[in-house]
>>> print(open('coords30.pdb').read())   # PDB, C-alpha atoms
ATOM      1  CA  MET C  26      32.024  32.468 -22.974
ATOM      2  CA  ASN C  27      34.742  33.997 -20.854
ATOM      3  CA  ASP C  28      34.244  36.482 -18.005
ATOM      4  CA  LYS C  29      36.139  39.182 -19.876
ATOM      5  CA  ILE C  30      33.594  39.059 -22.719
ATOM      6  CA  ASN C  31      30.744  39.140 -20.169
ATOM      7  CA  ARG C  32      32.134  42.437 -18.845
ATOM      8  CA  LEU C  33      31.815  43.934 -22.334
ATOM      9  CA  ILE C  34      28.053  43.273 -22.482
ATOM     10  CA  GLY C  35      25.679  46.079 -21.516
ATOM     11  CA  LEU C  36      27.987  49.047 -22.153
ATOM     12  CA  PRO C  37      26.255  52.165 -23.490
ATOM     13  CA  TRP C  38      27.093  53.561 -26.931
ATOM     14  CA  GLY C  39      28.977  56.821 -26.981
ATOM     15  CA  PHE C  40      32.300  58.565 -26.630
ATOM     16  CA  GLY C  41      32.308  59.509 -22.943
ATOM     17  CA  PRO C  42      33.668  57.690 -19.889
ATOM     18  CA  GLY C  43      32.225  54.186 -19.608
ATOM     19  CA  GLN C  44      30.821  54.373 -23.163
ATOM     20  CA  THR C  45      31.993  52.683 -26.346
ATOM     21  CA  ASP C  46      31.380  52.400 -30.070
ATOM     22  CA  CYS C  47      31.747  49.384 -32.363
ATOM     23  CA  LEU C  48      35.434  49.988 -33.111
ATOM     24  CA  ARG C  49      36.513  50.415 -29.498
ATOM     25  CA  LEU C  50      34.331  47.446 -28.465
ATOM     26  CA  SER C  51      36.028  45.278 -31.105
ATOM     27  CA  ILE C  52      39.437  46.378 -29.855
ATOM     28  CA  ALA C  53      38.447  45.459 -26.276
ATOM     29  CA  ALA C  54      37.069  42.090 -27.427
ATOM     30  CA  GLN C  55      40.305  41.284 -29.263
ATOM     31  CA  GLU C  56      42.224  41.967 -26.071
ATOM     32  CA  THR C  57      40.214  39.188 -24.380
ATOM     33  CA  TYR C  58      41.659  36.832 -27.019
ATOM     34  CA  GLY C  59      45.207  38.081 -26.359
ATOM     35  CA  ARG C  60      45.456  40.196 -29.504
ATOM     36  CA  ALA C  61      45.710  43.906 -30.079
ATOM     37  CA  ILE C  62      44.094  45.772 -32.958
ATOM     38  CA  PRO C  63      46.480  48.542 -33.922
ATOM     39  CA  LEU C  64      43.677  50.576 -35.516
ATOM     40  CA  VAL C  65      44.589  53.983 -34.256
ATOM     41  CA  TRP C  66      43.444  57.024 -36.106
ATOM     42  CA  ASP C  67      41.818  60.267 -35.192
ATOM     43  CA  TYR C  68      38.054  60.027 -35.005
ATOM     44  CA  THR C  69      35.717  62.081 -32.924
ATOM     45  CA  PRO C  70      31.950  62.241 -32.418
ATOM     46  CA  GLU C  71      31.929  64.856 -35.170
ATOM     47  CA  ASN C  72      33.689  62.774 -37.842
ATOM     48  CA  TYR C  73      32.830  59.274 -36.592
ATOM     49  CA  GLU C  74      30.238  58.459 -39.241
ATOM     50  CA  ALA C  75      32.465  59.544 -42.120
ATOM     51  CA  ARG C  76      35.428  57.645 -40.699
ATOM     52  CA  THR C  77      33.547  54.322 -40.466
ATOM     53  CA  ARG C  78      34.312  53.839 -44.170
ATOM     54  CA  ASP C  79      38.007  53.724 -43.204
ATOM     55  CA  ILE C  80      37.413  50.633 -41.076
ATOM     56  CA  ARG C  81      37.466  48.185 -43.977
ATOM     57  CA  ARG C  82      40.740  49.491 -45.396
ATOM     58  CA  GLU C  83      42.415  49.507 -41.985
ATOM     59  CA  LEU C  84      41.031  46.076 -41.064
ATOM     60  CA  GLU C  85      42.369  44.525 -44.255
ATOM     61  CA  LYS C  86      45.872  45.735 -43.310
ATOM     62  CA  ILE C  87      45.934  43.645 -40.127
ATOM     63  CA  ALA C  88      43.605  40.728 -40.895
ATOM     64  CA  HIS C  89      42.696  38.210 -43.556
ATOM     65  CA  LYS C  90      39.274  37.052 -44.663
ATOM     66  CA  ILE C  91      38.059  33.671 -43.506
ATOM     67  CA  GLU C  92      35.043  31.707 -44.694
ATOM     68  CA  ALA C  93      33.393  30.737 -41.420
ATOM     69  CA  PRO C  94      32.965  32.420 -38.046
ATOM     70  CA  GLU C  95      35.234  31.442 -35.183
ATOM     71  CA  PRO C  96      35.707  32.894 -31.708
ATOM     72  CA  GLY C  97      37.562  36.196 -31.931
ATOM     73  CA  ALA C  98      36.921  36.740 -35.647
ATOM     74  CA  VAL C  99      35.808  40.239 -36.581
ATOM     75  CA  ILE C 100      32.711  40.674 -38.719
ATOM     76  CA  LEU C 101      32.242  43.716 -40.925
ATOM     77  CA  PHE C 102      28.765  44.861 -41.952
ATOM     78  CA  ASP C 103      27.557  47.337 -44.545
ATOM     79  CA  PHE C 104      24.925  49.495 -42.883
ATOM     80  CA  SER C 105      25.050  51.927 -45.809
ATOM     81  CA  PRO C 106      26.307  54.530 -45.797
ATOM     82  CA  PHE C 107      28.306  53.322 -42.754
ATOM     83  CA  TYR C 108      30.261  50.215 -41.790
ATOM     84  CA  HIS C 109      29.803  48.372 -38.504
ATOM     85  CA  LEU C 110      32.028  45.894 -36.619
ATOM     86  CA  GLY C 111      31.330  42.977 -34.343
ATOM     87  CA  THR C 112      33.376  40.149 -32.837
ATOM     88  CA  PHE C 113      32.289  36.510 -32.947
ATOM     89  CA  ILE C 114      32.210  34.755 -29.595
ATOM     90  CA  ASN C 115      31.195  31.437 -31.206
ATOM     91  CA  GLY C 116      30.015  30.245 -34.620
ATOM     92  CA  ASN C 117      26.583  31.850 -34.361
ATOM     93  CA  HIS C 118      26.775  34.870 -32.040
ATOM     94  CA  PHE C 119      28.732  38.079 -32.183
ATOM     95  CA  LEU C 120      29.333  40.937 -29.765
ATOM     96  CA  HIS C 121      28.548  44.415 -31.064
ATOM     97  CA  ILE C 122      26.998  47.713 -30.092
ATOM     98  CA  PRO C 123      24.288  49.337 -32.166
ATOM     99  CA  ARG C 124      24.428  53.094 -32.394
ATOM    100  CA  GLY C 125      22.482  54.571 -29.503
ATOM    101  CA  GLY C 126      22.071  51.162 -27.816
ATOM    102  CA  THR C 127      24.054  48.944 -25.497
ATOM    103  CA  SER C 128      26.638  46.287 -26.296
ATOM    104  CA  ARG C 129      25.103  42.848 -26.704
ATOM    105  CA  LEU C 130      25.374  39.397 -28.166
ATOM    106  CA  THR C 131      23.398  38.946 -31.362
ATOM    107  CA  ARG C 132      22.703  35.850 -33.418
ATOM    108  CA  TRP C 133      24.214  35.956 -36.912
ATOM    109  CA  SER C 134      20.842  35.547 -38.569
ATOM    110  CA  VAL C 135      19.786  35.957 -42.208
ATOM    111  CA  PRO C 136      19.280  39.753 -42.041
ATOM    112  CA  TYR C 137      22.841  40.165 -40.709
ATOM    113  CA  ARG C 138      24.250  37.633 -43.179
ATOM    114  CA  LYS C 139      22.815  39.660 -46.060
ATOM    115  CA  ILE C 140      24.762  42.772 -45.055
ATOM    116  CA  THR C 141      27.986  40.998 -44.077
ATOM    117  CA  ILE C 142      30.979  42.247 -46.042
ATOM    118  CA  GLY C 143      33.345  39.710 -44.558
ATOM    119  CA  ILE C 144      34.659  37.802 -41.580
ATOM    120  CA  TYR C 145      38.273  38.526 -40.687
ATOM    121  CA  LYS C 146      40.864  36.869 -38.532
ATOM    122  CA  ILE C 147      43.202  39.369 -36.943
ATOM    123  CA  SER C 148      46.868  38.616 -37.497
ATOM    124  CA  GLU C 149      48.619  37.533 -34.377
ATOM    125  CA  VAL C 150      49.525  40.839 -32.794
ATOM    126  CA  PRO C 151      50.462  40.009 -29.194
ATOM    127  CA  LEU C 152      49.590  42.403 -26.412
ATOM    128  CA  TRP C 153      52.952  42.005 -24.754
TER     129      TRP C 153
END
>>> encode(input="coords30.pdb", output="structure tokens")
Amino acid sequence: MNDKINRLIGLPWGFGPGQTDCLRLSIAAQETYGRAIPLVWDYTPENYEARTRDIRRELEKIAHKIEAPEPGAVILFDFSPFYHLGTFINGNHFLHIPRGGTSRLTRWSVPYRKITIGIYKISEVPLW
């Protein structure tokens, strides 16, 4: 695991300085792999939950589904009624941030597999 990913572990959930949510954490994780996620739309703490349903549509514009996890792949979960994102750091663990928690690595175990919508590889969108 690279040092840049290590710096993304332990961040608190939220919208203030030094805080993050699953979308912004996924964007930061992609940057560690040299890619940018151009998912830019207006969401605020007030409309965040409703806007999570937009994630799938926006993700499918810039990525394609793959069958197996690989480092840097984005995983999309259905935590009905909301969606949730994570980023694989290897074939079994992904980086994510649960609402109200801190960012962490989690094993892609059976409970997570059951709610997985898909694994996506971001198209090569260079940072520079």
>>> residues_around(input="coords30.pdb", residues="Arg32 of chain C", least_positions_apart="4", cutoff="12 Å", atoms="only C-alpha atoms", output="ChimeraX atom specification")
/C:26-28,36,43,50,53-54,57,120,128-130
>>> resolve_selection(input="coords30.pdb", expression="the PyMOL selection byres ((chain C and resi 126) around 9)", output="mmCIF file with C-alpha atoms, in the coordinates of the input")
data_model
loop_
_atom_site.group_PDB
_atom_site.id
_atom_site.type_symbol
_atom_site.label_atom_id
_atom_site.label_comp_id
_atom_site.auth_asym_id
_atom_site.auth_seq_id
_atom_site.Cartn_x
_atom_site.Cartn_y
_atom_site.Cartn_z
ATOM 1 C CA GLY C 35 25.679 46.079 -21.516
ATOM 2 C CA LEU C 36 27.987 49.047 -22.153
ATOM 3 C CA PRO C 37 26.255 52.165 -23.490
ATOM 4 C CA TRP C 38 27.093 53.561 -26.931
ATOM 5 C CA GLY C 39 28.977 56.821 -26.981
ATOM 6 C CA ILE C 122 26.998 47.713 -30.092
ATOM 7 C CA PRO C 123 24.288 49.337 -32.166
ATOM 8 C CA ARG C 124 24.428 53.094 -32.394
ATOM 9 C CA GLY C 125 22.482 54.571 -29.503
ATOM 10 C CA THR C 127 24.054 48.944 -25.497
ATOM 11 C CA SER C 128 26.638 46.287 -26.296
ATOM 12 C CA ARG C 129 25.103 42.848 -26.704
#
>>> resolve_selection(input="coords30.pdb", expression="the PyMOL selection byres ((chain C and resi 101) around 9)", output="PyMOL selection string")
chain C and resi 80-81+99-100+102-103+108-112+140-145
>>> atom_distance(input="coords30.pdb", atom1="atom CA of Lys86 of chain C", atom2="atom CA of Arg138 of chain C")
23.1 Å
>>> axis_aligned_box(input="coords30.pdb", around="segment 122-140 of chain C", padding_each_side="6 Å", output="lines of an AutoDock Vina configuration file")
center_x = 23.1
center_y = 45.1
center_z = -35.8
size_x = 19.7
size_y = 31.0
size_z = 32.6
>>> resolve_selection(input="coords30.pdb", expression="the PyMOL selection byres ((chain C and resi 58) around 12)", output="CSV table (one decimal) with C-alpha atoms, in the frame of the given file")
chain,number,residue,atom,x,y,z
C,26,MET,CA,32.0,32.5,-23.0
C,27,ASN,CA,34.7,34.0,-20.9
C,28,ASP,CA,34.2,36.5,-18.0
C,29,LYS,CA,36.1,39.2,-19.9
C,30,ILE,CA,33.6,39.1,-22.7
C,51,SER,CA,36.0,45.3,-31.1
C,52,ILE,CA,39.4,46.4,-29.9
C,53,ALA,CA,38.4,45.5,-26.3
C,54,ALA,CA,37.1,42.1,-27.4
C,55,GLN,CA,40.3,41.3,-29.3
C,56,GLU,CA,42.2,42.0,-26.1
C,57,THR,CA,40.2,39.2,-24.4
C,59,GLY,CA,45.2,38.1,-26.4
C,60,ARG,CA,45.5,40.2,-29.5
C,61,ALA,CA,45.7,43.9,-30.1
C,62,ILE,CA,44.1,45.8,-33.0
C,95,GLU,CA,35.2,31.4,-35.2
C,96,PRO,CA,35.7,32.9,-31.7
C,97,GLY,CA,37.6,36.2,-31.9
C,98,ALA,CA,36.9,36.7,-35.6
C,99,VAL,CA,35.8,40.2,-36.6
C,112,THR,CA,33.4,40.1,-32.8
C,113,PHE,CA,32.3,36.5,-32.9
C,114,ILE,CA,32.2,34.8,-29.6
C,146,LYS,CA,40.9,36.9,-38.5
C,147,ILE,CA,43.2,39.4,-36.9
C,148,SER,CA,46.9,38.6,-37.5
C,149,GLU,CA,48.6,37.5,-34.4
C,150,VAL,CA,49.5,40.8,-32.8
C,151,PRO,CA,50.5,40.0,-29.2
C,152,LEU,CA,49.6,42.4,-26.4
>>> atom_distance(input="coords30.pdb", atom1="atom CA of Phe119 of chain C", atom2="atom CA of Pro106 of chain C")
21.5 Å
>>> atom_distance(input="coords30.pdb", atom1="atom CA of Asn117 of chain C", atom2="atom CA of Ile91 of chain C")
14.8 Å
>>> closest_residue(input="coords30.pdb", among="C:Asn115, C:Ile87, C:Thr131, C:His121", to="Thr45 of chain C", atoms="only C-alpha atoms")
C:His121
>>> build_atoms(input="coords30.pdb", residues="segment 104-127 of chain C", atoms="N, CA, C and O atoms", output="compact mmCIF listing (two decimals), in the frame of the given file")
# COMPACT_ATOMS: atom_id res chain seq x y z
N PHE C 104 26.15 48.80 -43.26
CA PHE C 104 24.92 49.50 -42.88
C PHE C 104 24.94 50.82 -43.65
O PHE C 104 25.04 51.88 -43.06
N SER C 105 24.88 50.74 -44.97
CA SER C 105 25.05 51.93 -45.81
C SER C 105 24.30 53.13 -45.26
O SER C 105 23.16 53.00 -44.84
N PRO C 106 24.99 54.24 -45.21
CA PRO C 106 26.31 54.53 -45.80
C PRO C 106 27.47 54.26 -44.85
O PRO C 106 28.58 54.71 -45.11
N PHE C 107 27.26 53.54 -43.75
CA PHE C 107 28.31 53.32 -42.75
C PHE C 107 28.65 51.85 -42.64
O PHE C 107 27.85 50.98 -42.98
N TYR C 108 29.85 51.57 -42.12
CA TYR C 108 30.26 50.22 -41.79
C TYR C 108 30.10 50.00 -40.29
O TYR C 108 30.09 50.96 -39.51
N HIS C 109 30.01 48.73 -39.90
CA HIS C 109 29.80 48.37 -38.50
C HIS C 109 30.61 47.11 -38.22
O HIS C 109 30.71 46.23 -39.06
N LEU C 110 31.21 47.03 -37.03
CA LEU C 110 32.03 45.89 -36.62
C LEU C 110 31.39 45.12 -35.48
O LEU C 110 30.71 45.69 -34.63
N GLY C 111 31.68 43.84 -35.46
CA GLY C 111 31.33 42.98 -34.34
C GLY C 111 32.43 41.95 -34.18
O GLY C 111 33.31 41.83 -35.04
N THR C 112 32.39 41.20 -33.09
CA THR C 112 33.38 40.15 -32.84
C THR C 112 32.65 38.86 -32.49
O THR C 112 31.82 38.84 -31.57
N PHE C 113 32.93 37.80 -33.23
CA PHE C 113 32.29 36.51 -32.95
C PHE C 113 32.78 35.96 -31.62
O PHE C 113 33.97 36.00 -31.32
N ILE C 114 31.84 35.44 -30.83
CA ILE C 114 32.21 34.76 -29.60
C ILE C 114 32.03 33.25 -29.75
O ILE C 114 32.51 32.47 -28.94
N ASN C 115 31.31 32.84 -30.79
CA ASN C 115 31.20 31.44 -31.21
C ASN C 115 30.76 31.45 -32.67
O ASN C 115 30.76 32.50 -33.30
N GLY C 116 30.37 30.32 -33.20
CA GLY C 116 30.02 30.24 -34.62
C GLY C 116 28.72 30.92 -35.01
O GLY C 116 28.45 31.11 -36.19
N ASN C 117 27.89 31.28 -34.04
CA ASN C 117 26.58 31.85 -34.36
C ASN C 117 26.28 33.19 -33.72
O ASN C 117 25.29 33.82 -34.07
N HIS C 118 27.07 33.62 -32.76
CA HIS C 118 26.78 34.87 -32.04
C HIS C 118 27.98 35.81 -32.06
O HIS C 118 29.12 35.36 -31.94
N PHE C 119 27.67 37.08 -32.18
CA PHE C 119 28.73 38.08 -32.18
C PHE C 119 28.39 39.19 -31.19
O PHE C 119 27.22 39.44 -30.88
N LEU C 120 29.44 39.80 -30.68
CA LEU C 120 29.33 40.94 -29.76
C LEU C 120 29.43 42.21 -30.60
O LEU C 120 30.31 42.33 -31.44
N HIS C 121 28.49 43.13 -30.36
CA HIS C 121 28.55 44.42 -31.06
C HIS C 121 27.75 45.43 -30.27
O HIS C 121 27.14 45.10 -29.25
N ILE C 122 27.77 46.66 -30.74
CA ILE C 122 27.00 47.71 -30.09
C ILE C 122 26.31 48.55 -31.17
O ILE C 122 26.97 49.20 -31.97
N PRO C 123 25.00 48.49 -31.21
CA PRO C 123 24.29 49.34 -32.17
C PRO C 123 24.35 50.80 -31.73
O PRO C 123 24.36 51.09 -30.53
N ARG C 124 24.39 51.67 -32.70
CA ARG C 124 24.43 53.09 -32.39
C ARG C 124 23.23 53.47 -31.53
O ARG C 124 22.08 53.16 -31.84
N GLY C 125 23.53 54.14 -30.42
CA GLY C 125 22.48 54.57 -29.50
C GLY C 125 21.99 53.49 -28.55
O GLY C 125 21.17 53.76 -27.69
N GLY C 126 22.52 52.26 -28.66
CA GLY C 126 22.07 51.16 -27.82
C GLY C 126 23.12 50.76 -26.80
O GLY C 126 23.96 51.56 -26.39
N THR C 127 23.07 49.50 -26.42
CA THR C 127 24.05 48.94 -25.50
C THR C 127 24.71 47.74 -26.16
O THR C 127 24.12 47.10 -27.04
